[in-house]
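Below is data.tsv, which holds TSV, N, CA and C atoms.
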```tsv
chain	number	residue	atom	x	y	z
A	1182	GLN	N	17.82	128.20	-77.85
A	1182	GLN	CA	17.35	127.86	-79.19
A	1182	GLN	C	17.86	128.90	-80.19
A	1183	VAL	N	18.44	128.43	-81.25
A	1183	VAL	CA	18.96	129.31	-82.29
A	1183	VAL	C	18.14	129.09	-83.55
A	1184	GLN	N	17.67	130.16	-84.13
A	1184	GLN	CA	16.96	130.07	-85.39
A	1184	GLN	C	17.82	130.65	-86.50
A	1185	LEU	N	17.83	129.96	-87.62
A	1185	LEU	CA	18.67	130.34	-88.74
A	1185	LEU	C	17.83	130.59	-89.97
A	1186	VAL	N	18.16	131.62	-90.71
A	1186	VAL	CA	17.46	131.92	-91.95
A	1186	VAL	C	18.49	132.11	-93.05
A	1187	GLU	N	18.39	131.26	-94.07
A	1187	GLU	CA	19.28	131.39	-95.22
A	1187	GLU	C	18.61	132.23	-96.29
A	1188	SER	N	19.42	132.93	-97.05
A	1188	SER	CA	18.92	133.69	-98.19
A	1188	SER	C	20.03	133.82	-99.22
A	1189	GLY	N	19.66	134.32	-100.38
A	1189	GLY	CA	20.65	134.57	-101.43
A	1189	GLY	C	20.65	133.54	-102.54
A	1190	GLY	N	19.89	132.49	-102.38
A	1190	GLY	CA	19.82	131.50	-103.44
A	1190	GLY	C	19.04	132.03	-104.64
A	1191	GLY	N	19.03	131.25	-105.68
A	1191	GLY	CA	18.32	131.65	-106.89
A	1191	GLY	C	18.92	130.98	-108.11
A	1192	LEU	N	18.67	131.59	-109.24
A	1192	LEU	CA	19.16	131.06	-110.51
A	1192	LEU	C	20.41	131.80	-110.94
A	1193	ALA	N	21.44	131.05	-111.26
A	1193	ALA	CA	22.68	131.62	-111.77
A	1193	ALA	C	23.06	130.89	-113.05
A	1194	GLN	N	23.79	131.56	-113.89
A	1194	GLN	CA	24.31	130.91	-115.09
A	1194	GLN	C	25.61	130.19	-114.77
A	1195	ARG	N	25.94	129.24	-115.59
A	1195	ARG	CA	27.24	128.57	-115.44
A	1195	ARG	C	28.33	129.64	-115.46
A	1196	GLY	N	29.24	129.54	-114.49
A	1196	GLY	CA	30.31	130.52	-114.38
A	1196	GLY	C	29.94	131.74	-113.57
A	1197	GLY	N	28.70	131.85	-113.18
A	1197	GLY	CA	28.25	132.99	-112.41
A	1197	GLY	C	28.52	132.85	-110.92
A	1198	SER	N	27.99	133.80	-110.17
A	1198	SER	CA	28.24	133.84	-108.73
A	1198	SER	C	26.94	134.07	-107.97
A	1199	LEU	N	26.94	133.57	-106.76
A	1199	LEU	CA	25.89	133.85	-105.79
A	1199	LEU	C	26.53	133.98	-104.43
A	1200	ARG	N	25.90	134.76	-103.58
A	1200	ARG	CA	26.36	134.90	-102.20
A	1200	ARG	C	25.21	134.55	-101.27
A	1201	LEU	N	25.40	133.48	-100.53
A	1201	LEU	CA	24.39	133.04	-99.58
A	1201	LEU	C	24.66	133.64	-98.21
A	1202	SER	N	23.58	133.96	-97.52
A	1202	SER	CA	23.69	134.48	-96.16
A	1202	SER	C	22.94	133.57	-95.20
A	1203	CYS	N	23.50	133.44	-94.04
A	1203	CYS	CA	22.85	132.70	-92.95
A	1203	CYS	C	22.79	133.66	-91.77
A	1204	VAL	N	21.60	134.04	-91.41
A	1204	VAL	CA	21.41	134.97	-90.31
A	1204	VAL	C	20.82	134.24	-89.12
A	1205	SER	N	21.49	134.41	-87.98
A	1205	SER	CA	21.07	133.73	-86.76
A	1205	SER	C	20.27	134.67	-85.87
A	1206	SER	N	19.41	134.05	-85.04
A	1206	SER	CA	18.64	134.84	-84.08
A	1206	SER	C	19.48	135.27	-82.90
A	1207	GLY	N	20.65	134.66	-82.76
A	1207	GLY	CA	21.54	135.00	-81.67
A	1207	GLY	C	22.98	135.01	-82.11
A	1208	ASN	N	23.84	135.34	-81.17
A	1208	ASN	CA	25.26	135.41	-81.48
A	1208	ASN	C	25.82	134.02	-81.75
A	1209	ILE	N	26.42	133.85	-82.89
A	1209	ILE	CA	27.03	132.55	-83.25
A	1209	ILE	C	28.52	132.72	-83.49
A	1210	GLY	N	29.10	133.71	-82.78
A	1210	GLY	CA	30.50	133.98	-83.02
A	1210	GLY	C	31.46	133.08	-82.28
A	1211	SER	N	31.52	133.22	-80.96
A	1211	SER	CA	32.62	132.62	-80.21
A	1211	SER	C	32.39	131.18	-79.80
A	1212	THR	N	31.16	130.69	-79.82
A	1212	THR	CA	30.92	129.34	-79.32
A	1212	THR	C	30.34	128.39	-80.36
A	1213	TYR	N	30.18	128.87	-81.58
A	1213	TYR	CA	29.56	128.03	-82.60
A	1213	TYR	C	30.46	127.87	-83.80
A	1214	GLY	N	30.57	126.63	-84.23
A	1214	GLY	CA	31.09	126.39	-85.56
A	1214	GLY	C	29.92	126.45	-86.53
A	1215	VAL	N	30.17	126.92	-87.72
A	1215	VAL	CA	29.12	127.08	-88.70
A	1215	VAL	C	29.50	126.36	-89.99
A	1216	GLY	N	28.56	125.67	-90.54
A	1216	GLY	CA	28.82	124.97	-91.79
A	1216	GLY	C	27.73	125.22	-92.81
A	1217	TRP	N	28.14	125.24	-94.06
A	1217	TRP	CA	27.19	125.24	-95.17
A	1217	TRP	C	27.19	123.84	-95.79
A	1218	HIS	N	26.00	123.29	-95.92
A	1218	HIS	CA	25.82	121.98	-96.51
A	1218	HIS	C	24.92	122.13	-97.73
A	1219	ARG	N	24.92	121.11	-98.57
A	1219	ARG	CA	24.00	121.14	-99.70
A	1219	ARG	C	23.47	119.74	-99.97
A	1220	GLN	N	22.29	119.72	-100.55
A	1220	GLN	CA	21.68	118.44	-100.90
A	1220	GLN	C	20.97	118.58	-102.24
A	1221	ALA	N	21.45	117.81	-103.19
A	1221	ALA	CA	20.83	117.76	-104.50
A	1221	ALA	C	19.81	116.62	-104.52
A	1222	PRO	N	18.84	116.68	-105.41
A	1222	PRO	CA	17.82	115.62	-105.48
A	1222	PRO	C	18.46	114.24	-105.65
A	1223	GLY	N	18.05	113.31	-104.81
A	1223	GLY	CA	18.54	111.95	-104.91
A	1223	GLY	C	19.92	111.73	-104.34
A	1224	LYS	N	20.51	112.77	-103.76
A	1224	LYS	CA	21.86	112.66	-103.21
A	1224	LYS	C	21.85	112.94	-101.71
A	1225	ARG	N	22.90	112.50	-101.06
A	1225	ARG	CA	23.04	112.75	-99.63
A	1225	ARG	C	23.45	114.20	-99.38
A	1226	ARG	N	23.08	114.69	-98.21
A	1226	ARG	CA	23.51	116.03	-97.84
A	1226	ARG	C	25.01	116.00	-97.60
A	1227	GLU	N	25.70	116.99	-98.11
A	1227	GLU	CA	27.15	117.03	-97.96
A	1227	GLU	C	27.60	118.40	-97.47
A	1228	LEU	N	28.66	118.38	-96.70
A	1228	LEU	CA	29.26	119.62	-96.22
A	1228	LEU	C	30.09	120.22	-97.34
A	1229	VAL	N	29.97	121.54	-97.54
A	1229	VAL	CA	30.79	122.20	-98.54
A	1229	VAL	C	31.83	123.14	-97.94
A	1230	ALA	N	31.49	123.75	-96.82
A	1230	ALA	CA	32.44	124.67	-96.20
A	1230	ALA	C	32.05	124.88	-94.74
A	1231	SER	N	33.04	125.14	-93.91
A	1231	SER	CA	32.77	125.38	-92.50
A	1231	SER	C	33.75	126.41	-91.96
A	1232	ILE	N	33.33	127.04	-90.87
A	1232	ILE	CA	34.19	128.01	-90.19
A	1232	ILE	C	34.11	127.76	-88.70
A	1233	ARG	N	35.25	127.68	-88.07
A	1233	ARG	CA	35.33	127.40	-86.65
A	1233	ARG	C	35.21	128.69	-85.85
A	1234	PRO	N	34.96	128.57	-84.54
A	1234	PRO	CA	34.89	129.79	-83.71
A	1234	PRO	C	36.16	130.62	-83.78
A	1235	ASN	N	37.30	129.98	-84.00
A	1235	ASN	CA	38.55	130.73	-84.05
A	1235	ASN	C	38.82	131.32	-85.44
A	1236	GLY	N	37.86	131.14	-86.35
A	1236	GLY	CA	37.98	131.73	-87.68
A	1236	GLY	C	38.60	130.84	-88.73
A	1237	VAL	N	39.08	129.67	-88.34
A	1237	VAL	CA	39.66	128.75	-89.32
A	1237	VAL	C	38.56	128.24	-90.24
A	1238	THR	N	38.83	128.27	-91.52
A	1238	THR	CA	37.85	127.82	-92.51
A	1238	THR	C	38.31	126.54	-93.19
A	1239	ILE	N	37.35	125.74	-93.54
A	1239	ILE	CA	37.62	124.50	-94.28
A	1239	ILE	C	36.68	124.47	-95.47
A	1240	VAL	N	37.22	124.27	-96.64
A	1240	VAL	CA	36.41	124.18	-97.85
A	1240	VAL	C	36.65	122.82	-98.48
A	1241	GLU	N	35.60	122.13	-98.80
A	1241	GLU	CA	35.72	120.78	-99.34
A	1241	GLU	C	36.33	120.81	-100.74
A	1242	ASN	N	36.97	119.73	-101.10
A	1242	ASN	CA	37.69	119.69	-102.38
A	1242	ASN	C	36.80	119.96	-103.58
A	1243	SER	N	35.55	119.54	-103.48
A	1243	SER	CA	34.65	119.69	-104.63
A	1243	SER	C	34.39	121.14	-105.00
A	1244	VAL	N	34.60	122.05	-104.06
A	1244	VAL	CA	34.32	123.46	-104.32
A	1244	VAL	C	35.52	124.35	-104.01
A	1245	LYS	N	36.62	123.74	-103.68
A	1245	LYS	CA	37.81	124.51	-103.32
A	1245	LYS	C	38.25	125.40	-104.48
A	1246	GLY	N	38.58	126.64	-104.16
A	1246	GLY	CA	38.99	127.58	-105.19
A	1246	GLY	C	37.83	128.33	-105.82
A	1247	ARG	N	36.61	127.88	-105.52
A	1247	ARG	CA	35.42	128.54	-106.08
A	1247	ARG	C	34.51	129.09	-104.98
A	1248	PHE	N	34.43	128.41	-103.87
A	1248	PHE	CA	33.57	128.82	-102.75
A	1248	PHE	C	34.43	129.30	-101.59
A	1249	SER	N	33.89	130.24	-100.84
A	1249	SER	CA	34.55	130.67	-99.61
A	1249	SER	C	33.50	130.98	-98.56
A	1250	ILE	N	33.88	130.80	-97.31
A	1250	ILE	CA	32.97	131.03	-96.19
A	1250	ILE	C	33.57	132.12	-95.32
A	1251	SER	N	32.70	132.97	-94.78
A	1251	SER	CA	33.19	134.04	-93.93
A	1251	SER	C	32.10	134.46	-92.96
A	1252	ARG	N	32.54	135.12	-91.90
A	1252	ARG	CA	31.59	135.65	-90.92
A	1252	ARG	C	31.37	137.15	-91.16
A	1253	GLY	N	30.17	137.59	-90.86
A	1253	GLY	CA	29.91	139.01	-90.90
A	1253	GLY	C	30.44	139.70	-89.67
A	1254	ASN	N	30.48	140.99	-89.70
A	1254	ASN	CA	31.00	141.76	-88.57
A	1254	ASN	C	30.07	141.74	-87.37
A	1255	ASP	N	28.82	141.36	-87.59
A	1255	ASP	CA	27.84	141.43	-86.52
A	1255	ASP	C	27.78	140.18	-85.65
A	1256	GLU	N	28.59	139.17	-85.94
A	1256	GLU	CA	28.63	137.91	-85.18
A	1256	GLU	C	27.36	137.08	-85.34
A	1257	ASN	N	26.42	137.53	-86.12
A	1257	ASN	CA	25.18	136.79	-86.31
A	1257	ASN	C	25.03	136.23	-87.72
A	1258	THR	N	25.96	136.54	-88.58
A	1258	THR	CA	25.80	136.21	-89.99
A	1258	THR	C	27.02	135.46	-90.51
A	1259	VAL	N	26.75	134.48	-91.34
A	1259	VAL	CA	27.82	133.77	-92.04
A	1259	VAL	C	27.46	133.74	-93.52
A	1260	PHE	N	28.45	133.96	-94.35
A	1260	PHE	CA	28.25	134.01	-95.79
A	1260	PHE	C	28.91	132.82	-96.48
A	1261	LEU	N	28.34	132.45	-97.60
A	1261	LEU	CA	28.99	131.51	-98.50
A	1261	LEU	C	29.06	132.17	-99.87
A	1262	GLN	N	30.25	132.55	-100.27
A	1262	GLN	CA	30.46	133.14	-101.58
A	1262	GLN	C	30.73	132.03	-102.57
A	1263	MET	N	29.93	131.99	-103.61
A	1263	MET	CA	30.05	130.92	-104.60
A	1263	MET	C	30.35	131.54	-105.96
A	1264	ASP	N	31.50	131.23	-106.48
A	1264	ASP	CA	31.93	131.74	-107.78
A	1264	ASP	C	32.14	130.58	-108.76
A	1265	SER	N	32.21	130.92	-110.03
A	1265	SER	CA	32.43	129.92	-111.08
A	1265	SER	C	31.47	128.74	-110.93
A	1266	LEU	N	30.21	129.06	-110.75
A	1266	LEU	CA	29.22	128.02	-110.50
A	1266	LEU	C	29.09	127.05	-111.66
A	1267	LYS	N	28.83	125.82	-111.30
A	1267	LYS	CA	28.64	124.75	-112.27
A	1267	LYS	C	27.25	124.16	-112.08
A	1268	PRO	N	26.69	123.51	-113.09
A	1268	PRO	CA	25.39	122.86	-112.92
A	1268	PRO	C	25.38	121.86	-111.76
A	1269	ASP	N	26.52	121.22	-111.49
A	1269	ASP	CA	26.61	120.26	-110.38
A	1269	ASP	C	26.48	120.92	-109.02
A	1270	ASP	N	26.60	122.25	-108.97
A	1270	ASP	CA	26.44	122.96	-107.70
A	1270	ASP	C	24.98	123.17	-107.34
A	1271	ALA	N	24.08	122.89	-108.24
A	1271	ALA	CA	22.66	123.08	-107.98
A	1271	ALA	C	22.20	122.17	-106.85
A	1272	ALA	N	21.56	122.75	-105.87
A	1272	ALA	CA	21.13	122.00	-104.69
A	1272	ALA	C	20.39	122.95	-103.76
A	1273	VAL	N	19.82	122.39	-102.72
A	1273	VAL	CA	19.36	123.21	-101.61
A	1273	VAL	C	20.52	123.35	-100.65
A	1274	TYR	N	20.83	124.57	-100.30
A	1274	TYR	CA	21.94	124.86	-99.41
A	1274	TYR	C	21.42	125.17	-98.01
A	1275	TYR	N	22.01	124.51	-97.03
A	1275	TYR	CA	21.58	124.64	-95.63
A	1275	TYR	C	22.71	125.18	-94.78
A	1276	CYS	N	22.33	126.01	-93.85
A	1276	CYS	CA	23.26	126.50	-92.85
A	1276	CYS	C	23.08	125.67	-91.58
A	1277	ASN	N	24.18	125.34	-90.95
A	1277	ASN	CA	24.16	124.56	-89.71
A	1277	ASN	C	25.10	125.21	-88.72
A	1278	VAL	N	24.66	125.32	-87.47
A	1278	VAL	CA	25.55	125.81	-86.41
A	1278	VAL	C	25.64	124.75	-85.34
A	1279	HIS	N	26.82	124.64	-84.78
A	1279	HIS	CA	27.11	123.61	-83.77
A	1279	HIS	C	27.79	124.26	-82.58
A	1280	ASN	N	27.14	124.15	-81.42
A	1280	ASN	CA	27.72	124.71	-80.20
A	1280	ASN	C	28.85	123.80	-79.74
A	1281	ILE	N	30.05	124.33	-79.67
A	1281	ILE	CA	31.21	123.49	-79.36
A	1281	ILE	C	31.26	123.08	-77.90
A	1282	TYR	N	30.45	123.69	-77.04
A	1282	TYR	CA	30.44	123.34	-75.62
A	1282	TYR	C	29.29	122.43	-75.27
A	1283	THR	N	28.12	122.68	-75.80
A	1283	THR	CA	26.94	121.88	-75.46
A	1283	THR	C	26.65	120.77	-76.47
A	1284	GLY	N	27.18	120.89	-77.66
A	1284	GLY	CA	26.88	119.93	-78.71
A	1284	GLY	C	25.57	120.18	-79.43
A	1285	ASP	N	24.88	121.25	-79.06
A	1285	ASP	CA	23.61	121.56	-79.72
A	1285	ASP	C	23.84	121.88	-81.19
A	1286	ASP	N	22.94	121.39	-82.00
A	1286	ASP	CA	23.00	121.58	-83.45
A	1286	ASP	C	21.72	122.23	-83.93
A	1287	TYR	N	21.86	123.19	-84.84
A	1287	TYR	CA	20.68	123.84	-85.39
A	1287	TYR	C	20.84	123.96	-86.92
A	1288	TRP	N	19.68	123.84	-87.59
A	1288	TRP	CA	19.67	123.92	-89.06
A	1288	TRP	C	18.68	124.97	-89.53
A	1289	GLY	N	19.01	125.59	-90.62
A	1289	GLY	CA	18.06	126.46	-91.28
A	1289	GLY	C	17.19	125.66	-92.23
A	1290	GLN	N	16.26	126.35	-92.87
A	1290	GLN	CA	15.31	125.70	-93.77
A	1290	GLN	C	15.87	125.49	-95.18
A	1291	GLY	N	16.95	126.14	-95.48
A	1291	GLY	CA	17.58	125.94	-96.78
A	1291	GLY	C	17.20	126.98	-97.80
A	1292	THR	N	18.07	127.16	-98.77
A	1292	THR	CA	17.82	128.06	-99.88
A	1292	THR	C	18.23	127.36	-101.18
A	1293	GLN	N	17.38	127.45	-102.17
A	1293	GLN	CA	17.60	126.72	-103.42
A	1293	GLN	C	18.58	127.47	-104.32
A	1294	VAL	N	19.52	126.73	-104.85
A	1294	VAL	CA	20.45	127.26	-105.84
A	1294	VAL	C	20.28	126.45	-107.12
A	1295	THR	N	20.04	127.15	-108.21
A	1295	THR	CA	19.90	126.51	-109.51
A	1295	THR	C	20.95	127.12	-110.45
A	1296	VAL	N	21.60	126.28	-111.21
A	1296	VAL	CA	22.62	126.76	-112.13
A	1296	VAL	C	22.26	126.29	-113.53
A	1297	SER	N	22.09	127.22	-114.42
A	1297	SER	CA	21.74	126.87	-115.79
A	1297	SER	C	22.99	126.59	-116.61
A	1298	SER	N	22.86	125.64	-117.50
A	1298	SER	CA	24.00	125.30	-118.35
A	1298	SER	C	23.92	126.01	-119.69
```
Please, can you express the file's structure as structure tokens?
Amino acid sequence: QVQLVESGGGLAQRGGSLRLSCVSSGNIGSTYGVGWHRQAPGKRRELVASIRPNGVTIVENSVKGRFSISRGNDENTVFLQMDSLKPDDAAVYYCNVHNIYTGDDYWGQGTQVTVSS
């Protein structure tokens, strides 16, 4: 069982930055892919960025050039750096880890991001 805790959300101004952290109760380095998803009110949850066990990152077009995903040195943490924030980026952001061998999936409780216009 993997437990995830997201943090770093809050209120940012348009054009501002936030850095989200996802801290795992266990090692999520070599066997887990990690994704950051977001869900705005009335909308479906969508993937914004992911990082594979081999370090390959994928950033969705909607945030490409503004968001980046990275792993911490401790193998337990994944970050989502969000720059040039827009009001449309406001949502609850969730961290998800997926075990590439067992297929197990785990989600955090989410962290709220609000962007003022």
| Which residue of A:Ser1297, A:Asn1235, A:Thr1212, A:Thr1258 approaches His1279 of chain A most closely, using all atoms listed in the file | A:Thr1212
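Across A:Val1215, A:Ile1209, A:Leu1199, A:Val1296, the tightest approach to Arg1233 of chain A is made by A:Val1215 when counting only N, CA and C atoms.
Using only N, CA and C atoms, the protein and nucleic acid residues lying at most 8 Å from the point (17.9, 135.3, -77.6) are Gln1182, Val1183, Ser1206, Gly1207 and Asn1208 of chain A.
Using only N, CA and C atoms for every distance, the candidate list A:Gly1190, A:Val1278, A:Asn1242, A:Leu1185 yields A:Gly1190 as the residue closest to Thr1292 of chain A.
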| request: Within 7 Å of Ala1230 of chain A, counting only N, CA and C atoms, which residues show up once you throw out same-chain ones fewer than 2 positions away? Write them as a list in words, please. | output: Val1215, Gly1216, Trp1217, His1218, Glu1227, Leu1228, Ile1232, Thr1238, Ile1239, Val1240, Glu1241, Ser1249 and Ile1250 of chain A
| What is the distance, in Å and to one decimal place, between atom C of Arg1219 of chain A and atom N of Gln1184 of chain A? | 19.8 Å
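Candidate residues A:Gln1194, A:Gln1293, A:Ser1202, A:Ser1188 were compared for distance to Arg1252 of chain A, and the nearest is A:Ser1202, using only C-alpha atoms.
Distances from A:Cys1203, A:Phe1260, A:Gly1214, A:Arg1195 to Asp1286 of chain A were compared using only C-alpha atoms, and the smallest one belongs to A:Gly1214.
For the set A:Val1259, A:Ile1281, A:Ala1221, A:Ala1271, the residue with the smallest atom-to-atom gap to Ser1205 of chain A is A:Val1259, counting only N, CA and C atoms.
Across the structure, atom CA of Gly1191 of chain A and atom CA of Pro1268 of chain A are spaced 12.8 Å apart.
The residue set within 5 Å of Arg1200 of chain A, counting all atoms listed in the file and dropping same-chain residues fewer than 5 places from it, reads Gly1189, Leu1261, Gln1262 and Met1263 of chain A.
Computed from the coordinates, the atom CA of Trp1288 of chain A to atom N of Asp1270 of chain A distance equals 21.1 Å.
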| Residue set, chain A restricted to strand (DSSP E), as a ChimeraX atom specification | /A:1185-1188,1191-1194,1199-1205,1213-1220,1227-1232,1238-1240,1248-1252,1258-1263,1272-1280,1286-1288,1292-1297
| request: Give me the residues within 6 Å of Ser1198 of chain A as a ChimeraX atom specification, counting all atoms listed in the file and dropping any in the same chain fewer than 3 places off. | output: /A:1193,1263-1266
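Residues surrounding Gly1291 of chain A within 6 Å are A:Glu1187, A:Val1273, A:Tyr1274, A:Tyr1275, A:Cys1276 [all atoms listed in the file; sequence separation below 3 positions excluded].
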Keeping only N, CA and C atoms, write the selected residues to a file as an mmCIF file, in the frame of the given file.
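File produced: selection05.cif:
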```
data_model
loop_
_atom_site.group_PDB
_atom_site.id
_atom_site.type_symbol
_atom_site.label_atom_id
_atom_site.label_comp_id
_atom_site.auth_asym_id
_atom_site.auth_seq_id
_atom_site.Cartn_x
_atom_site.Cartn_y
_atom_site.Cartn_z
ATOM 1 N N GLU A 1187 18.390 131.260 -94.070
ATOM 2 C CA GLU A 1187 19.280 131.390 -95.220
ATOM 3 C C GLU A 1187 18.610 132.230 -96.290
ATOM 4 N N VAL A 1273 19.820 122.390 -102.720
ATOM 5 C CA VAL A 1273 19.360 123.210 -101.610
ATOM 6 C C VAL A 1273 20.520 123.350 -100.650
ATOM 7 N N TYR A 1274 20.830 124.570 -100.300
ATOM 8 C CA TYR A 1274 21.940 124.860 -99.410
ATOM 9 C C TYR A 1274 21.420 125.170 -98.010
ATOM 10 N N TYR A 1275 22.010 124.510 -97.030
ATOM 11 C CA TYR A 1275 21.580 124.640 -95.630
ATOM 12 C C TYR A 1275 22.710 125.180 -94.780
ATOM 13 N N CYS A 1276 22.330 126.010 -93.850
ATOM 14 C CA CYS A 1276 23.260 126.500 -92.850
ATOM 15 C C CYS A 1276 23.080 125.670 -91.580
#
```
Completion step: segment 1210-1218 of chain A with all heavy atoms as a PDB file, in the coordinates of the input:
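Output below, filename rebuild.pdb:
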```pdb
ATOM      1  N   GLY A1210      29.100 133.710 -82.780  1.00  0.00           N
ATOM      2  CA  GLY A1210      30.500 133.980 -83.020  1.00  0.00           C
ATOM      3  C   GLY A1210      31.460 133.080 -82.280  1.00  0.00           C
ATOM      4  O   GLY A1210      32.132 132.232 -82.861  1.00  0.00           O
ATOM      5  N   SER A1211      31.520 133.220 -80.960  1.00  0.00           N
ATOM      6  CA  SER A1211      32.620 132.620 -80.210  1.00  0.00           C
ATOM      7  C   SER A1211      32.390 131.180 -79.800  1.00  0.00           C
ATOM      8  O   SER A1211      33.344 130.486 -79.426  1.00  0.00           O
ATOM      9  CB  SER A1211      32.898 133.460 -78.962  1.00  0.00           C
ATOM     10  OG  SER A1211      31.741 133.514 -78.159  1.00  0.00           O
ATOM     11  N   THR A1212      31.160 130.690 -79.820  1.00  0.00           N
ATOM     12  CA  THR A1212      30.920 129.340 -79.320  1.00  0.00           C
ATOM     13  C   THR A1212      30.340 128.390 -80.360  1.00  0.00           C
ATOM     14  O   THR A1212      30.043 127.244 -80.060  1.00  0.00           O
ATOM     15  CB  THR A1212      29.952 129.371 -78.120  1.00  0.00           C
ATOM     16  OG1 THR A1212      28.725 129.992 -78.516  1.00  0.00           O
ATOM     17  CG2 THR A1212      30.562 130.122 -76.958  1.00  0.00           C
ATOM     18  N   TYR A1213      30.180 128.870 -81.580  1.00  0.00           N
ATOM     19  CA  TYR A1213      29.560 128.030 -82.600  1.00  0.00           C
ATOM     20  C   TYR A1213      30.460 127.870 -83.800  1.00  0.00           C
ATOM     21  O   TYR A1213      31.026 128.840 -84.327  1.00  0.00           O
ATOM     22  CB  TYR A1213      28.245 128.635 -83.082  1.00  0.00           C
ATOM     23  CG  TYR A1213      27.103 128.503 -82.105  1.00  0.00           C
ATOM     24  CD1 TYR A1213      26.884 129.474 -81.143  1.00  0.00           C
ATOM     25  CD2 TYR A1213      26.252 127.411 -82.157  1.00  0.00           C
ATOM     26  CE1 TYR A1213      25.838 129.357 -80.247  1.00  0.00           C
ATOM     27  CE2 TYR A1213      25.192 127.296 -81.276  1.00  0.00           C
ATOM     28  CZ  TYR A1213      24.989 128.268 -80.321  1.00  0.00           C
ATOM     29  OH  TYR A1213      23.954 128.150 -79.441  1.00  0.00           O
ATOM     30  N   GLY A1214      30.570 126.630 -84.230  1.00  0.00           N
ATOM     31  CA  GLY A1214      31.090 126.390 -85.560  1.00  0.00           C
ATOM     32  C   GLY A1214      29.920 126.450 -86.530  1.00  0.00           C
ATOM     33  O   GLY A1214      28.799 126.085 -86.197  1.00  0.00           O
ATOM     34  N   VAL A1215      30.170 126.920 -87.720  1.00  0.00           N
ATOM     35  CA  VAL A1215      29.120 127.080 -88.700  1.00  0.00           C
ATOM     36  C   VAL A1215      29.500 126.360 -89.990  1.00  0.00           C
ATOM     37  O   VAL A1215      30.652 126.455 -90.446  1.00  0.00           O
ATOM     38  CB  VAL A1215      28.868 128.571 -89.011  1.00  0.00           C
ATOM     39  CG1 VAL A1215      27.705 128.716 -90.000  1.00  0.00           C
ATOM     40  CG2 VAL A1215      28.573 129.346 -87.729  1.00  0.00           C
ATOM     41  N   GLY A1216      28.560 125.670 -90.540  1.00  0.00           N
ATOM     42  CA  GLY A1216      28.820 124.970 -91.790  1.00  0.00           C
ATOM     43  C   GLY A1216      27.730 125.220 -92.810  1.00  0.00           C
ATOM     44  O   GLY A1216      26.574 125.438 -92.454  1.00  0.00           O
ATOM     45  N   TRP A1217      28.140 125.240 -94.060  1.00  0.00           N
ATOM     46  CA  TRP A1217      27.190 125.240 -95.170  1.00  0.00           C
ATOM     47  C   TRP A1217      27.190 123.840 -95.790  1.00  0.00           C
ATOM     48  O   TRP A1217      28.252 123.300 -96.121  1.00  0.00           O
ATOM     49  CB  TRP A1217      27.589 126.269 -96.235  1.00  0.00           C
ATOM     50  CG  TRP A1217      27.221 127.673 -95.898  1.00  0.00           C
ATOM     51  CD1 TRP A1217      28.028 128.641 -95.365  1.00  0.00           C
ATOM     52  CD2 TRP A1217      25.939 128.276 -96.086  1.00  0.00           C
ATOM     53  NE1 TRP A1217      27.327 129.803 -95.216  1.00  0.00           N
ATOM     54  CE2 TRP A1217      26.037 129.613 -95.648  1.00  0.00           C
ATOM     55  CE3 TRP A1217      24.712 127.833 -96.579  1.00  0.00           C
ATOM     56  CZ2 TRP A1217      24.958 130.501 -95.683  1.00  0.00           C
ATOM     57  CZ3 TRP A1217      23.644 128.710 -96.615  1.00  0.00           C
ATOM     58  CH2 TRP A1217      23.776 130.026 -96.181  1.00  0.00           C
ATOM     59  N   HIS A1218      26.000 123.290 -95.920  1.00  0.00           N
ATOM     60  CA  HIS A1218      25.820 121.980 -96.510  1.00  0.00           C
ATOM     61  C   HIS A1218      24.920 122.130 -97.730  1.00  0.00           C
ATOM     62  O   HIS A1218      24.200 123.119 -97.859  1.00  0.00           O
ATOM     63  CB  HIS A1218      25.150 121.027 -95.514  1.00  0.00           C
ATOM     64  CG  HIS A1218      25.888 120.882 -94.226  1.00  0.00           C
ATOM     65  ND1 HIS A1218      26.479 119.700 -93.842  1.00  0.00           N
ATOM     66  CD2 HIS A1218      26.134 121.761 -93.222  1.00  0.00           C
ATOM     67  CE1 HIS A1218      27.049 119.856 -92.654  1.00  0.00           C
ATOM     68  NE2 HIS A1218      26.860 121.100 -92.270  1.00  0.00           N
TER      69      HIS A1218
END
```
